[in-house]
$ cat my_file39.txt   # compact mmCIF, C-alpha atoms
# COMPACT_ATOMS: atom_id res chain seq x y z
CA MET A 1 0.00 0.00 0.00
CA GLY A 2 1.26 3.44 -0.90
CA LEU A 3 2.10 6.49 1.13
CA THR A 4 -1.21 8.20 0.27
CA ASN A 5 -3.28 5.46 1.94
CA TYR A 6 -1.40 5.85 5.22
CA LEU A 7 -1.66 9.63 5.06
CA ILE A 8 -5.42 9.39 4.49
CA VAL A 9 -5.85 7.09 7.51
CA SER A 10 -3.80 9.56 9.54
CA ALA A 11 -5.86 12.56 8.31
CA LEU A 12 -9.13 10.80 9.17
CA LEU A 13 -7.84 9.81 12.63
CA PHE A 14 -6.78 13.42 13.21
CA ALA A 15 -10.23 14.68 12.14
CA ILE A 16 -11.95 12.22 14.51
CA GLY A 17 -9.65 13.30 17.34
CA THR A 18 -10.34 16.98 16.68
CA TYR A 19 -14.07 16.30 16.73
CA GLY A 20 -13.70 14.60 20.11
CA VAL A 21 -11.66 17.47 21.55
CA ILE A 22 -14.15 20.11 20.36
CA THR A 23 -17.43 18.42 21.27
CA ARG A 24 -16.84 16.28 24.38
CA ARG A 25 -17.94 17.71 27.72
CA ASN A 26 -16.00 15.27 29.91
CA ALA A 27 -12.38 16.40 30.36
CA ILE A 28 -11.10 12.80 30.24
CA ALA A 29 -12.82 12.29 26.88
CA VAL A 30 -11.12 15.48 25.64
CA LEU A 31 -7.78 13.90 26.63
CA MET A 32 -8.73 10.77 24.69
CA GLY A 33 -9.26 12.96 21.61
CA ILE A 34 -5.82 14.49 22.10
CA GLU A 35 -4.30 11.01 22.26
CA LEU A 36 -5.97 10.15 18.94
CA MET A 37 -4.52 13.30 17.36
CA LEU A 38 -1.00 12.50 18.62
CA ASN A 39 -1.31 8.98 17.21
CA ALA A 40 -2.30 10.43 13.84
CA ALA A 41 0.81 12.64 13.87
CA ASN A 42 3.02 9.64 14.62
CA ILE A 43 1.49 7.60 11.76
CA ASN A 44 2.30 10.53 9.47
CA PHE A 45 5.94 10.69 10.59
CA LEU A 46 6.48 6.96 10.16
CA ALA A 47 4.71 6.84 6.78
CA PHE A 48 6.95 9.63 5.45
CA TRP A 49 9.99 7.87 6.90
CA ARG A 50 9.06 4.54 5.29
CA PHE A 51 8.26 5.86 1.82
CA LEU A 52 10.51 8.91 1.41
CA HIS A 53 13.62 8.52 3.61
CA PRO A 54 13.90 4.96 4.95
CA ALA A 55 17.65 5.35 5.58
CA SER A 56 17.49 8.47 7.79
CA MET A 57 16.85 8.43 11.53
CA GLU A 58 15.29 11.89 12.02
CA PRO A 59 11.64 10.79 11.66
CA GLN A 60 12.13 8.02 14.21
CA VAL A 61 13.68 10.47 16.69
CA PHE A 62 10.70 12.77 16.10
CA VAL A 63 8.27 9.92 16.82
CA LEU A 64 10.17 8.99 19.97
CA VAL A 65 10.01 12.58 21.25
CA GLY A 66 6.32 12.66 20.24
CA LEU A 67 5.62 9.54 22.28
CA THR A 68 7.38 11.10 25.27
CA VAL A 69 5.31 14.26 24.93
CA ALA A 70 2.13 12.15 24.69
CA ALA A 71 2.99 10.25 27.86
CA ALA A 72 3.84 13.46 29.76
CA ASP A 73 0.66 15.07 28.42
CA ALA A 74 -1.51 12.18 29.57
CA ALA A 75 0.01 12.17 33.07
CA ILE A 76 -0.26 15.95 33.59
CA GLY A 77 -3.70 16.12 31.96
CA LEU A 78 -5.13 13.44 34.21
CA ALA A 79 -3.60 15.07 37.30
CA VAL A 80 -5.31 18.33 36.28
CA VAL A 81 -8.62 16.47 35.78
CA LEU A 82 -8.34 14.92 39.25
CA ASN A 83 -7.73 18.38 40.73
CA LEU A 84 -10.70 19.74 38.78
CA TYR A 85 -12.86 16.95 40.20
CA ARG A 86 -11.69 17.68 43.73
CA GLU A 87 -12.17 21.43 43.35
CA PHE A 88 -15.51 21.59 41.48
CA GLY A 89 -16.87 18.09 42.03
CA ALA A 90 -17.25 17.84 38.25
CA VAL A 91 -15.21 16.72 35.26
CA GLU A 92 -17.09 18.78 32.67
CA VAL A 93 -14.80 21.24 30.95
CA ASP A 94 -17.56 23.88 30.79
CA ARG A 95 -17.92 23.87 34.60
CA ALA A 96 -14.35 25.15 35.07
CA ASP A 97 -15.24 28.72 34.05
CA THR A 98 -13.78 30.65 36.98
CA LEU A 99 -11.64 32.76 34.64
CA LYS A 100 -14.64 33.67 32.47
CA GLY A 101 -15.12 37.43 32.31
CA MET B 102 -1.07 -12.55 -4.24
CA ASN B 103 1.36 -10.82 -1.87
CA GLN B 104 0.00 -7.44 -2.89
CA ALA B 105 -3.59 -8.57 -2.30
CA ALA B 106 -2.64 -9.86 1.15
CA SER B 107 -0.94 -6.58 2.09
CA MET B 108 -3.97 -4.67 0.81
CA ILE B 109 -6.36 -6.73 2.95
CA ALA B 110 -4.03 -6.30 5.94
CA PHE B 111 -3.85 -2.53 5.43
CA TYR B 112 -7.61 -2.07 5.10
CA SER B 113 -8.39 -4.23 8.12
CA LEU B 114 -5.81 -2.32 10.20
CA ALA B 115 -7.25 1.00 9.00
CA ALA B 116 -10.73 -0.18 9.97
CA LEU B 117 -9.43 -1.42 13.34
CA THR B 118 -8.02 2.07 13.91
CA LEU B 119 -10.79 4.32 12.60
CA ILE B 120 -14.01 2.52 13.64
CA PRO B 121 -13.06 2.28 17.35
CA ALA B 122 -11.86 5.91 17.13
CA LEU B 123 -15.39 6.91 16.07
CA PHE B 124 -16.80 5.03 19.05
CA VAL B 125 -14.28 6.77 21.35
CA VAL B 126 -15.59 10.21 20.41
CA ASN B 127 -19.29 9.26 20.11
CA SER B 128 -19.92 6.68 22.82
CA ARG B 129 -22.35 7.84 25.53
CA SER B 130 -20.63 5.92 28.30
CA ILE B 131 -17.22 7.34 29.13
CA VAL B 132 -16.01 3.92 30.32
CA HIS B 133 -16.96 2.38 26.96
CA ALA B 134 -15.09 5.22 25.23
CA GLY B 135 -12.02 4.40 27.33
CA PHE B 136 -12.16 0.75 26.40
CA TRP B 137 -12.68 1.57 22.69
CA LEU B 138 -9.27 3.28 22.80
CA LEU B 139 -7.59 -0.12 23.12
CA PRO B 140 -8.50 -1.54 19.65
CA CYS B 141 -7.68 1.88 18.19
CA PHE B 142 -4.16 1.85 19.69
CA LEU B 143 -3.71 -1.79 18.61
CA GLY B 144 -4.69 -0.82 15.06
CA VAL B 145 -2.12 2.00 15.09
CA ALA B 146 0.51 -0.49 16.33
CA GLY B 147 -0.45 -2.77 13.43
CA LEU B 148 -0.01 0.13 11.00
CA TYR B 149 3.49 0.72 12.44
CA ALA B 150 4.27 -2.97 11.88
CA ALA B 151 3.00 -2.67 8.29
CA LEU B 152 5.31 0.34 7.87
CA GLU B 153 8.22 -1.84 9.08
CA ALA B 154 8.85 0.44 12.08
CA HIS B 155 9.46 -2.54 14.38
CA PHE B 156 10.70 -0.59 17.38
CA PHE B 157 7.66 1.68 17.37
CA PHE B 158 5.32 -1.29 17.02
CA VAL B 159 6.55 -2.57 20.39
CA THR B 160 6.71 0.95 21.88
CA GLN B 161 3.11 1.63 20.84
CA LEU B 162 1.95 -1.59 22.48
CA MET B 163 3.83 -0.82 25.69
CA ILE B 164 3.20 2.92 26.07
CA TYR B 165 -0.25 3.42 24.55
CA ALA B 166 -1.97 0.03 24.88
CA GLY B 167 -0.27 -0.48 28.24
CA ALA B 168 0.58 2.64 30.19
CA ILE B 169 -1.74 5.32 28.79
CA MET B 170 -4.75 2.95 28.76
CA VAL B 171 -4.17 2.10 32.44
CA LEU B 172 -3.71 5.80 33.28
CA ILE B 173 -6.98 6.74 31.57
CA LEU B 174 -8.92 3.87 33.18
CA PHE B 175 -7.57 4.88 36.60
CA ALA B 176 -8.69 8.47 36.01
CA LEU B 177 -12.12 7.17 34.99
CA MET B 178 -12.38 5.13 38.18
CA LEU B 179 -11.20 8.00 40.39
CA THR B 180 -13.80 10.39 38.93
CA ARG B 181 -16.62 7.85 38.95
CA ASN B 182 -20.17 9.20 38.97
CA ALA B 183 -18.78 12.71 38.48
CA MET B 184 -21.07 13.19 35.52
CA ASP B 185 -24.76 12.40 35.27
CA PRO B 186 -24.92 9.59 32.66
CA SER B 187 -28.28 10.84 31.38
CA ALA B 188 -26.89 14.37 30.79
CA PRO B 189 -25.67 15.15 27.26
CA GLN B 190 -22.09 13.99 26.74
CA HIS B 191 -21.44 16.46 23.92
CA ASN B 192 -21.68 20.24 23.90
CA LYS B 193 -23.78 22.41 21.63
CA PHE B 194 -21.11 22.55 18.90
CA ARG B 195 -21.66 18.90 18.01
CA PRO B 196 -23.38 19.33 14.59
CA VAL B 197 -21.10 22.18 13.47
CA ALA B 198 -17.96 20.40 14.69
CA GLY B 199 -19.05 17.17 13.01
CA LEU B 200 -19.57 19.01 9.75
CA ILE B 201 -16.25 20.87 9.93
CA CYS B 202 -14.19 17.85 11.00
CA GLY B 203 -15.85 15.62 8.39
CA ALA B 204 -15.18 18.23 5.71
CA PHE B 205 -11.58 18.57 6.92
CA GLY B 206 -11.04 14.80 6.76
CA LEU B 207 -12.53 14.49 3.28
CA LEU B 208 -10.76 17.57 1.88
CA ALA B 209 -7.41 16.51 3.36
CA SER B 210 -7.85 13.02 1.89
CA TRP B 211 -8.68 14.49 -1.51
CA ALA B 212 -5.72 16.88 -1.35
CA LEU B 213 -3.36 14.03 -0.40
CA THR B 214 -4.34 12.05 -3.51
CA GLN B 215 -3.49 15.06 -5.69
CA HIS B 216 0.20 15.22 -4.85
CA ALA B 217 2.76 12.97 -6.60
CA TRP B 218 5.25 11.99 -3.89
CA GLN B 219 8.85 11.09 -4.78
CA ILE B 220 8.64 7.59 -3.34
CA THR B 221 11.93 5.71 -3.09
CA ASP B 222 12.06 1.99 -3.80
CA GLN B 223 14.70 1.72 -1.06
CA SER B 224 13.36 -0.47 1.76
CA PRO B 225 14.15 0.03 5.45
CA GLN B 226 16.80 -1.97 7.25
CA SER B 227 16.01 -5.09 9.23
CA ALA B 228 14.58 -4.77 12.74
CA VAL B 229 17.91 -5.27 14.51
CA GLU B 230 19.86 -2.89 12.27
CA GLN B 231 17.13 -0.26 12.51
CA THR B 232 16.94 -0.37 16.31
CA THR B 233 20.73 -0.30 16.58
CA ALA B 234 20.85 2.74 14.30
CA LEU B 235 18.14 4.47 16.38
CA GLY B 236 20.02 3.75 19.60
CA ASN B 237 23.26 5.08 18.12
CA ALA B 238 21.45 8.17 16.83
CA LEU B 239 19.99 8.84 20.30
CA ILE B 240 23.36 8.83 22.05
CA GLY B 241 25.22 10.51 19.20
CA MET B 242 23.70 12.95 16.75
CA TYR B 243 20.38 13.38 18.65
CA ALA B 244 21.63 13.32 22.23
CA VAL B 245 20.17 16.77 22.97
CA PRO B 246 16.54 15.98 21.97
CA PHE B 247 16.86 12.71 23.86
CA GLU B 248 17.99 14.49 27.03
CA VAL B 249 15.30 17.16 26.62
CA ALA B 250 12.70 14.39 26.32
CA SER B 251 13.95 12.75 29.50
CA LEU B 252 13.94 16.11 31.29
CA LEU B 253 10.35 16.64 30.11
CA LEU B 254 9.34 13.24 31.50
CA LEU B 255 11.00 14.03 34.84
CA ALA B 256 9.24 17.41 35.01
CA ALA B 257 5.92 15.75 34.11
CA LEU B 258 6.46 13.10 36.80
CA ILE B 259 7.14 15.67 39.53
CA GLY B 260 4.42 18.00 38.24
CA ALA B 261 1.80 15.25 38.22
CA ILE B 262 2.66 14.29 41.81
CA VAL B 263 2.51 17.92 42.98
CA LEU B 264 -0.79 18.54 41.16
CA ALA B 265 -2.52 15.37 42.35
CA LYS B 266 -1.28 15.55 45.95
CA VAL B 267 -4.05 15.99 48.50
CA GLU B 268 -3.48 19.13 50.57
CA ARG B 269 -3.90 18.20 54.20
CA GLY B 270 -4.43 21.05 56.64
CA PRO B 271 -3.03 21.06 60.18
CA ALA B 272 -4.37 18.40 62.54
CA PRO B 273 -7.83 19.34 63.95
CA GLU B 274 -7.52 21.13 67.29
CA THR B 275 -9.27 19.87 70.39
CA ALA B 276 -12.54 21.60 71.17
CA PRO B 277 -12.04 24.87 73.10
CA LEU B 278 -12.91 24.85 76.79
CA ALA B 279 -15.87 27.19 76.33
CA ASP B 280 -17.51 24.66 73.99
CA LEU B 281 -17.00 21.89 76.51
CA GLU B 282 -18.64 24.02 79.24
CA ALA B 283 -21.54 24.75 76.90
CA ILE B 284 -22.00 21.01 76.39
CA HIS B 285 -21.97 20.50 80.17
CA THR B 286 -24.63 23.14 80.81
CA LEU B 287 -26.80 21.54 78.11
CA GLU B 288 -26.56 18.22 79.90
$ encode --input "my_file39.txt" --output "structure tokens"
Amino acid sequence: MGLTNYLIVSALLFAIGTYGVITRRNAIAVLMGIELMLNAANINFLAFWRFLHPASMEPQVFVLVGLTVAAADAAIGLAVVLNLYREFGAVEVDRADTLKG
Amino acid sequence: MNQAASMIAFYSLAALTLIPALFVVNSRSIVHAGFWLLPCFLGVAGLYAALEAHFFFVTQLMIYAGAIMVLILFALMLTRNAMDPSAPQHNKFRPVAGLICGAFGLLASWALTQHAWQITDQSPQSAVEQTTALGNALIGMYAVPFEVASLLLLAALIGAIVLAKVERGPAPETAPLADLEAIHTLE
């Protein structure tokens, strides 16, 4: 299968993730959408690596750093959600509107 | 024959990735959404294997299907019953966002088919050679990004502990004498 097929899967996964981030009310579900978007980015990197520059190591290093950022993001995000739950007794993102003018 | 097999494998992996992803963002029950993430991550790992990125196939299984899944399920358990299950799970932007994201996906797919990529017929190295090269790159040429990534993980570790720590106030004081006397007079 060619590069285009992988890129299309990645674009669709990114679109689904964006939809989840925009529409979900539960903060944990928003984080799940972000994870889907990060996965789509990693598929893109590896597809370009495989079909355009299979001998170079840069794309793999990018994916490794991306995975690290995803793991850090999940840990910090869930800690923030737990704090939100403790503070407001809710996990809905629209309930945390203390900064709203 | 080989091409047909790889085509079937690709389309089943794509379906294994995209259909659970749709359930993740649409499922009413947040716990179901969490569990739908697992087949999605497994599908992405399969796509990495199809791309001959052997190291990332294993990494995806360990980090996403293992660690991040457990993290998300723990967060779901710790915030149980925080949201009324009969309340709407999506905000008012749902139709507009669905339209825009669907249009984005379709337009991006169409645009991607329009470009002629300069695809090499060079194939990647074997799994061992590839992983060795990645390891050498991480301690040689790309030592700085590697160290920055480890620093980021350390900062995230400490930050998550600090954020999630329960603040305990000073130990409760014993009741003042006046209160005790008030209790006595009541008796």
$ closest_residue --input "my_file39.txt" --among "B:Met178, B:Val159, B:Ala115, B:Ile240" --to "chain A" --atoms "all atoms listed in the file"
B:Ala115
$ closest_residue --input "my_file39.txt" --among "B:Ala238, B:Ala188, B:Leu213, B:Ala166" --to "Ser10 (chain A)" --atoms "all atoms listed in the file"
B:Leu213
$ closest_residue --input "my_file39.txt" --among "A:Arg86, A:Arg95, A:Lys100, A:Arg24" --to "chain B" --atoms "only C-alpha atoms"
A:Arg24
$ closest_residue --input "my_file39.txt" --among "A:Tyr6, A:Glu87, A:Ser56, A:Leu99" --to "Leu114 (chain B)" --atoms "only C-alpha atoms"
A:Tyr6
$ atom_distance --input "my_file39.txt" --atom1 "CA of Ala134 (chain B)" --atom2 "CA of Leu64 (chain A)"
26.1 Å
$ atom_distance --input "my_file39.txt" --atom1 "CA of Ala234 (chain B)" --atom2 "CA of Tyr149 (chain B)"
17.6 Å
$ residues_around --input "my_file39.txt" --residues "Ile220 (chain B)" --least-positions-apart "4" --cutoff "9 Å" --atoms "only C-alpha atoms" --output "list in words"
Gly2, Leu3, Phe51, Leu52 and His53 of chain A
$ closest_residue --input "my_file39.txt" --among "A:Asn5, A:Gly66, A:Ala72, A:Trp49" --to "chain B" --atoms "only C-alpha atoms"
A:Ala72
$ atom_distance --input "my_file39.txt" --atom1 "CA of Ala70 (chain A)" --atom2 "CA of Gln226 (chain B)"
26.8 Å
$ decode --input "my_file39.txt" --residues "region 69-84 of chain A" --atoms "all heavy atoms" --output "mmCIF file, in the first residue's frame"
data_model
loop_
_atom_site.group_PDB
_atom_site.id
_atom_site.type_symbol
_atom_site.label_atom_id
_atom_site.label_comp_id
_atom_site.auth_asym_id
_atom_site.auth_seq_id
_atom_site.Cartn_x
_atom_site.Cartn_y
_atom_site.Cartn_z
ATOM 1 N N VAL A 69 6.209 13.134 24.670
ATOM 2 C CA VAL A 69 5.306 14.260 24.933
ATOM 3 C C VAL A 69 3.894 13.736 25.204
ATOM 4 O O VAL A 69 3.207 14.222 26.109
ATOM 5 C CB VAL A 69 5.321 15.241 23.746
ATOM 6 C CG1 VAL A 69 4.250 16.294 23.907
ATOM 7 C CG2 VAL A 69 6.672 15.894 23.630
ATOM 8 N N ALA A 70 3.465 12.699 24.468
ATOM 9 C CA ALA A 70 2.128 12.152 24.685
ATOM 10 C C ALA A 70 1.998 11.566 26.075
ATOM 11 O O ALA A 70 0.982 11.763 26.758
ATOM 12 C CB ALA A 70 1.839 11.092 23.629
ATOM 13 N N ALA A 71 3.041 10.859 26.528
ATOM 14 C CA ALA A 71 2.988 10.255 27.857
ATOM 15 C C ALA A 71 2.946 11.343 28.929
ATOM 16 O O ALA A 71 2.124 11.283 29.858
ATOM 17 C CB ALA A 71 4.191 9.345 28.059
ATOM 18 N N ALA A 72 3.814 12.368 28.782
ATOM 19 C CA ALA A 72 3.835 13.461 29.755
ATOM 20 C C ALA A 72 2.498 14.184 29.763
ATOM 21 O O ALA A 72 1.947 14.509 30.825
ATOM 22 C CB ALA A 72 4.960 14.434 29.410
ATOM 23 N N ASP A 73 1.939 14.381 28.579
ATOM 24 C CA ASP A 73 0.659 15.072 28.415
ATOM 25 C C ASP A 73 -0.463 14.304 29.103
ATOM 26 O O ASP A 73 -1.281 14.890 29.817
ATOM 27 C CB ASP A 73 0.443 15.196 26.904
ATOM 28 C CG ASP A 73 -0.959 15.492 26.496
ATOM 29 O OD1 ASP A 73 -1.761 14.556 26.370
ATOM 30 O OD2 ASP A 73 -1.224 16.662 26.303
ATOM 31 N N ALA A 74 -0.460 12.983 28.938
ATOM 32 C CA ALA A 74 -1.512 12.185 29.573
ATOM 33 C C ALA A 74 -1.402 12.268 31.089
ATOM 34 O O ALA A 74 -2.407 12.476 31.780
ATOM 35 C CB ALA A 74 -1.413 10.736 29.111
ATOM 36 N N ALA A 75 -0.161 12.160 31.613
ATOM 37 C CA ALA A 75 0.013 12.173 33.065
ATOM 38 C C ALA A 75 -0.421 13.511 33.651
ATOM 39 O O ALA A 75 -1.216 13.564 34.603
ATOM 40 C CB ALA A 75 1.471 11.888 33.404
ATOM 41 N N ILE A 76 0.070 14.625 33.061
ATOM 42 C CA ILE A 76 -0.261 15.954 33.587
ATOM 43 C C ILE A 76 -1.751 16.238 33.411
ATOM 44 O O ILE A 76 -2.426 16.740 34.310
ATOM 45 C CB ILE A 76 0.580 17.024 32.874
ATOM 46 C CG1 ILE A 76 2.037 16.914 33.311
ATOM 47 C CG2 ILE A 76 0.067 18.414 33.165
ATOM 48 C CD1 ILE A 76 2.273 17.268 34.735
ATOM 49 N N GLY A 77 -2.284 15.871 32.227
ATOM 50 C CA GLY A 77 -3.697 16.125 31.965
ATOM 51 C C GLY A 77 -4.586 15.428 32.975
ATOM 52 O O GLY A 77 -5.535 16.019 33.500
ATOM 53 N N LEU A 78 -4.274 14.172 33.279
ATOM 54 C CA LEU A 78 -5.130 13.443 34.209
ATOM 55 C C LEU A 78 -4.976 13.979 35.627
ATOM 56 O O LEU A 78 -5.955 14.013 36.387
ATOM 57 C CB LEU A 78 -4.827 11.956 34.127
ATOM 58 C CG LEU A 78 -5.230 11.386 32.758
ATOM 59 C CD1 LEU A 78 -4.780 9.965 32.607
ATOM 60 C CD2 LEU A 78 -6.714 11.484 32.533
ATOM 61 N N ALA A 79 -3.766 14.446 35.980
ATOM 62 C CA ALA A 79 -3.603 15.072 37.304
ATOM 63 C C ALA A 79 -4.454 16.337 37.384
ATOM 64 O O ALA A 79 -5.103 16.593 38.405
ATOM 65 C CB ALA A 79 -2.135 15.401 37.538
ATOM 66 N N VAL A 80 -4.487 17.115 36.297
ATOM 67 C CA VAL A 80 -5.315 18.332 36.276
ATOM 68 C C VAL A 80 -6.788 17.958 36.391
ATOM 69 O O VAL A 80 -7.554 18.604 37.129
ATOM 70 C CB VAL A 80 -5.037 19.140 34.993
ATOM 71 C CG1 VAL A 80 -6.059 20.236 34.822
ATOM 72 C CG2 VAL A 80 -3.652 19.732 35.028
ATOM 73 N N VAL A 81 -7.215 16.882 35.710
ATOM 74 C CA VAL A 81 -8.618 16.471 35.778
ATOM 75 C C VAL A 81 -8.980 16.054 37.205
ATOM 76 O O VAL A 81 -10.051 16.405 37.712
ATOM 77 C CB VAL A 81 -8.887 15.324 34.784
ATOM 78 C CG1 VAL A 81 -10.275 14.770 34.990
ATOM 79 C CG2 VAL A 81 -8.746 15.816 33.370
ATOM 80 N N LEU A 82 -8.061 15.338 37.865
ATOM 81 C CA LEU A 82 -8.341 14.919 39.247
ATOM 82 C C LEU A 82 -8.487 16.135 40.147
ATOM 83 O O LEU A 82 -9.364 16.186 41.020
ATOM 84 C CB LEU A 82 -7.223 14.019 39.766
ATOM 85 C CG LEU A 82 -7.217 12.604 39.214
ATOM 86 C CD1 LEU A 82 -6.161 11.779 39.921
ATOM 87 C CD2 LEU A 82 -8.571 11.960 39.399
ATOM 88 N N ASN A 83 -7.630 17.155 39.945
ATOM 89 C CA ASN A 83 -7.728 18.382 40.729
ATOM 90 C C ASN A 83 -9.044 19.098 40.465
ATOM 91 O O ASN A 83 -9.690 19.611 41.382
ATOM 92 C CB ASN A 83 -6.569 19.305 40.373
ATOM 93 C CG ASN A 83 -5.622 19.436 41.524
ATOM 94 O OD1 ASN A 83 -5.856 18.849 42.567
ATOM 95 N ND2 ASN A 83 -4.581 20.196 41.338
ATOM 96 N N LEU A 84 -9.432 19.114 39.189
ATOM 97 C CA LEU A 84 -10.697 19.744 38.780
ATOM 98 C C LEU A 84 -11.857 19.056 39.503
ATOM 99 O O LEU A 84 -12.765 19.710 40.033
ATOM 100 C CB LEU A 84 -10.843 19.573 37.276
ATOM 101 C CG LEU A 84 -11.950 20.313 36.557
ATOM 102 C CD1 LEU A 84 -11.611 21.777 36.550
ATOM 103 C CD2 LEU A 84 -12.094 19.810 35.149
#
